[in-house]
Amino acid sequence: VPREDRTVRIDGSLIDWPPAQPLAMTDLRQLSGTAHGSWRGPQDLQAQGFLMWDADHLYVAMVVRDDWHRPLEKVHRDDTEIPPADAVVVLCDPARDTRAVGADPGRKEDTAFWLAAVGEGRLIQWDRLRGQANFCDGARLAVVRNDDEGLTTYEAQIPWRAVMPGDPAVEVGTALDLQLTVEDFDEVTDTMPQSRLGWTFG
C-alpha cells in the first residue's frame, strides 16, 4: 500500500501503518524444516507480513509468532555466513530474471536484506553470492520482542536505491520479484535455522 501522507515511525509498532491485507504465512506448505518434530505447531512459528512504499522507500514489516526468540549473540564467530539469530530475510529481484540458485546471471542485480536485532536500528544488506555483508546506508530497522505474547515485530524502511540499481523512479505499477523468509532457531546450539517460513521459496 502507498504511505501517502502518513507519518510512520520505525519503532516496532505498526499502529501508524495504513490498513492493509496481510501476507498470511500460516500454511504448512510455506514451511521448510518440519522433520523430526522441529516445528511444533503455530505457536512455534507463524507470521504475517506487510508491505508499504513511497517514492523514496520500501517498508517491510513482519509480525512473527515464535515461542522462543533467539537474539544475535554479542560475541560470535567471524563466519562468511550471517551469524545465527532469528531473523527475516528480504530478497529482491528488480529485473525479475532470476531462474536458478548459485551464479545465475539473473542474480547480478538481486539484493537481500537481513532483519535482525543488531543494535542501533541498523539494517544489514547481504550479498550471499559474493560473500559480503554491510550496513545499508539510509535504512532503518526496529525489532521488538514481546515474550508475554510470544510475538516478535520486525519493521524496516529500505531506500529504493538499495533495492533497485541506478536512481529508480518508483510509481504505481512498478513491479519486482520479492521473497520474504522467516528464520527460526530453536536451540542455542543450532548453527542453521531449524525451520523457515517463506513467502515464497525460490
# chains A, B, ... in the order shown; residues from 1 in each chain; ligands from 1

$ residues_around --residues "Val170 in chain A" --least-positions-apart "5" --cutoff "12 Å" --atoms "only C-alpha atoms" --output "VMD selection string"
chain A and resid 2 53 to 58 94 159 to 161 163 to 165 175 to 176

$ residues_around --residues "range 138-140 of chain A" --least-positions-apart "5" --cutoff "6 Å" --atoms "only C-alpha atoms" --output "ChimeraX atom specification"
/A:121-122,156-158

$ closest_atom_pairs --of "range 117-199 of chain A" --to "range 18-38 of chain A" --cutoff "6 Å" --atoms "only C-alpha atoms" --output "Markdown table"
| residue | atom | partner | partner_atom | distance |
| --- | --- | --- | --- | --- |
| A:Gln194 | CA | A:Gly33 | CA | 5.9 |
| A:Ser195 | CA | A:Gly33 | CA | 4.5 |
| A:Arg196 | CA | A:Ser32 | CA | 5.1 |
| A:Leu197 | CA | A:Leu31 | CA | 4.6 |
| A:Gly198 | CA | A:Gln30 | CA | 5.3 |

$ closest_residue --among "A:Trp68, A:Trp17, A:Tyr154, A:Phe185" --to "Ala142 in chain A" --atoms "only C-alpha atoms"
A:Tyr154

$ residues_around --residues "Ala95 in chain A" --least-positions-apart "4" --cutoff "8 Å" --atoms "only C-alpha atoms" --output "ChimeraX atom specification"
/A:106,109,176-177

$ write_last_selection --atoms "N, CA, C and O atoms" --output "PDB file, in the first residue's frame"
ATOM      1  N   GLY A 106      20.948 -13.919 -13.750  1.00  0.00           N
ATOM      2  CA  GLY A 106      19.863 -13.062 -13.295  1.00  0.00           C
ATOM      3  C   GLY A 106      20.036 -12.540 -11.885  1.00  0.00           C
ATOM      4  O   GLY A 106      19.289 -11.653 -11.456  1.00  0.00           O
ATOM      5  N   GLU A 109      21.850  -8.256 -10.144  1.00  0.00           N
ATOM      6  CA  GLU A 109      21.312  -7.042  -9.522  1.00  0.00           C
ATOM      7  C   GLU A 109      20.434  -7.359  -8.310  1.00  0.00           C
ATOM      8  O   GLU A 109      19.891  -6.465  -7.673  1.00  0.00           O
ATOM      9  N   LEU A 176       8.479  -5.778  -8.962  1.00  0.00           N
ATOM     10  CA  LEU A 176       9.720  -6.506  -8.740  1.00  0.00           C
ATOM     11  C   LEU A 176       9.374  -7.823  -8.057  1.00  0.00           C
ATOM     12  O   LEU A 176       8.327  -7.947  -7.438  1.00  0.00           O
ATOM     13  N   ASP A 177      10.247  -8.818  -8.223  1.00  0.00           N
ATOM     14  CA  ASP A 177      10.041 -10.082  -7.529  1.00  0.00           C
ATOM     15  C   ASP A 177      10.580  -9.945  -6.109  1.00  0.00           C
ATOM     16  O   ASP A 177      11.634  -9.342  -5.886  1.00  0.00           O
TER      17      ASP A 177
END

$ select_by_dssp --residues "range 63-146 of chain A" --states "strand (DSSP E or B)" --output "VMD selection string"
chain A and resid 63 to 65 87 to 93 111 to 115 124 to 127 132 to 135 140 to 146

$ closest_residue --among "A:Val172, A:Leu91, A:Ala117, A:Met192" --to "Met52 in chain A" --atoms "only C-alpha atoms"
A:Val172

$ closest_residue --among "A:Ala103, A:Asn146, A:Glu155, A:Pro71" --to "Val118 in chain A" --atoms "only C-alpha atoms"
A:Pro71

$ residues_around --residues "Cys136 in chain A" --least-positions-apart "3" --cutoff "7 Å" --atoms "only C-alpha atoms" --output "NGL selection string"
:A and (123-125 or 139)

$ write_last_selection --atoms "C-alpha atoms" --output "PDB file, in the first residue's frame"
ATOM      1  CA  LEU A 123      19.945  -2.975   8.654  1.00  0.00           C
ATOM      2  CA  ILE A 124      22.355  -5.422   7.031  1.00  0.00           C
ATOM      3  CA  GLN A 125      22.470  -5.688   3.248  1.00  0.00           C
ATOM      4  CA  ALA A 139      17.920   2.186   6.038  1.00  0.00           C
TER       5      ALA A 139
END

$ select_by_dssp --residues "range 109-181 of chain A" --states "alpha helix (DSSP H)" --output "PyMOL selection string"
chain A and resi 160-163

$ residues_around --residues "Leu72 in chain A" --least-positions-apart "5" --cutoff "8 Å" --atoms "only C-alpha atoms" --output "PyMOL selection string"
chain A and resi 83-86+116-118

$ write_last_selection --atoms "N, CA and C atoms" --output "JSON list (two decimals), in the first residue's frame"
[["chain", "number", "residue", "atom", "x", "y", "z"],
["A", 83, "PRO", "N", 25.55, -14.60, 11.00],
["A", 83, "PRO", "CA", 25.55, -15.39, 12.24],
["A", 83, "PRO", "C", 24.16, -15.87, 12.62],
["A", 84, "PRO", "N", 24.08, -16.93, 13.43],
["A", 84, "PRO", "CA", 22.77, -17.49, 13.80],
["A", 84, "PRO", "C", 21.99, -16.55, 14.72],
["A", 85, "ALA", "N", 20.76, -16.27, 14.33],
["A", 85, "ALA", "CA", 19.81, -15.48, 15.11],
["A", 85, "ALA", "C", 18.48, -15.53, 14.38],
["A", 86, "ASP", "N", 17.39, -15.48, 15.14],
["A", 86, "ASP", "CA", 16.08, -15.36, 14.50],
["A", 86, "ASP", "C", 16.05, -14.08, 13.68],
["A", 116, "ALA", "N", 17.41, -8.30, 11.68],
["A", 116, "ALA", "CA", 17.64, -8.91, 12.99],
["A", 116, "ALA", "C", 18.15, -7.81, 13.91],
["A", 117, "ALA", "N", 18.02, -8.06, 15.18],
["A", 117, "ALA", "CA", 18.40, -7.04, 16.17],
["A", 117, "ALA", "C", 19.92, -6.98, 16.29],
["A", 118, "VAL", "N", 20.53, -6.07, 15.53],
["A", 118, "VAL", "CA", 21.99, -5.91, 15.57],
["A", 118, "VAL", "C", 22.39, -4.64, 16.31]]

$ residues_around --residues "Leu51 in chain A" --least-positions-apart "3" --cutoff "8 Å" --atoms "only C-alpha atoms" --output "list in words"
Val1, Leu58, Tyr59, Val60 and Ala61 of chain A

$ atom_distance --atom1 "CA of Asp186 in chain A" --atom2 "CA of Gly102 in chain A"
27.7 Å

$ atom_distance --atom1 "CA of Arg128 in chain A" --atom2 "CA of Ala112 in chain A"
8.2 Å
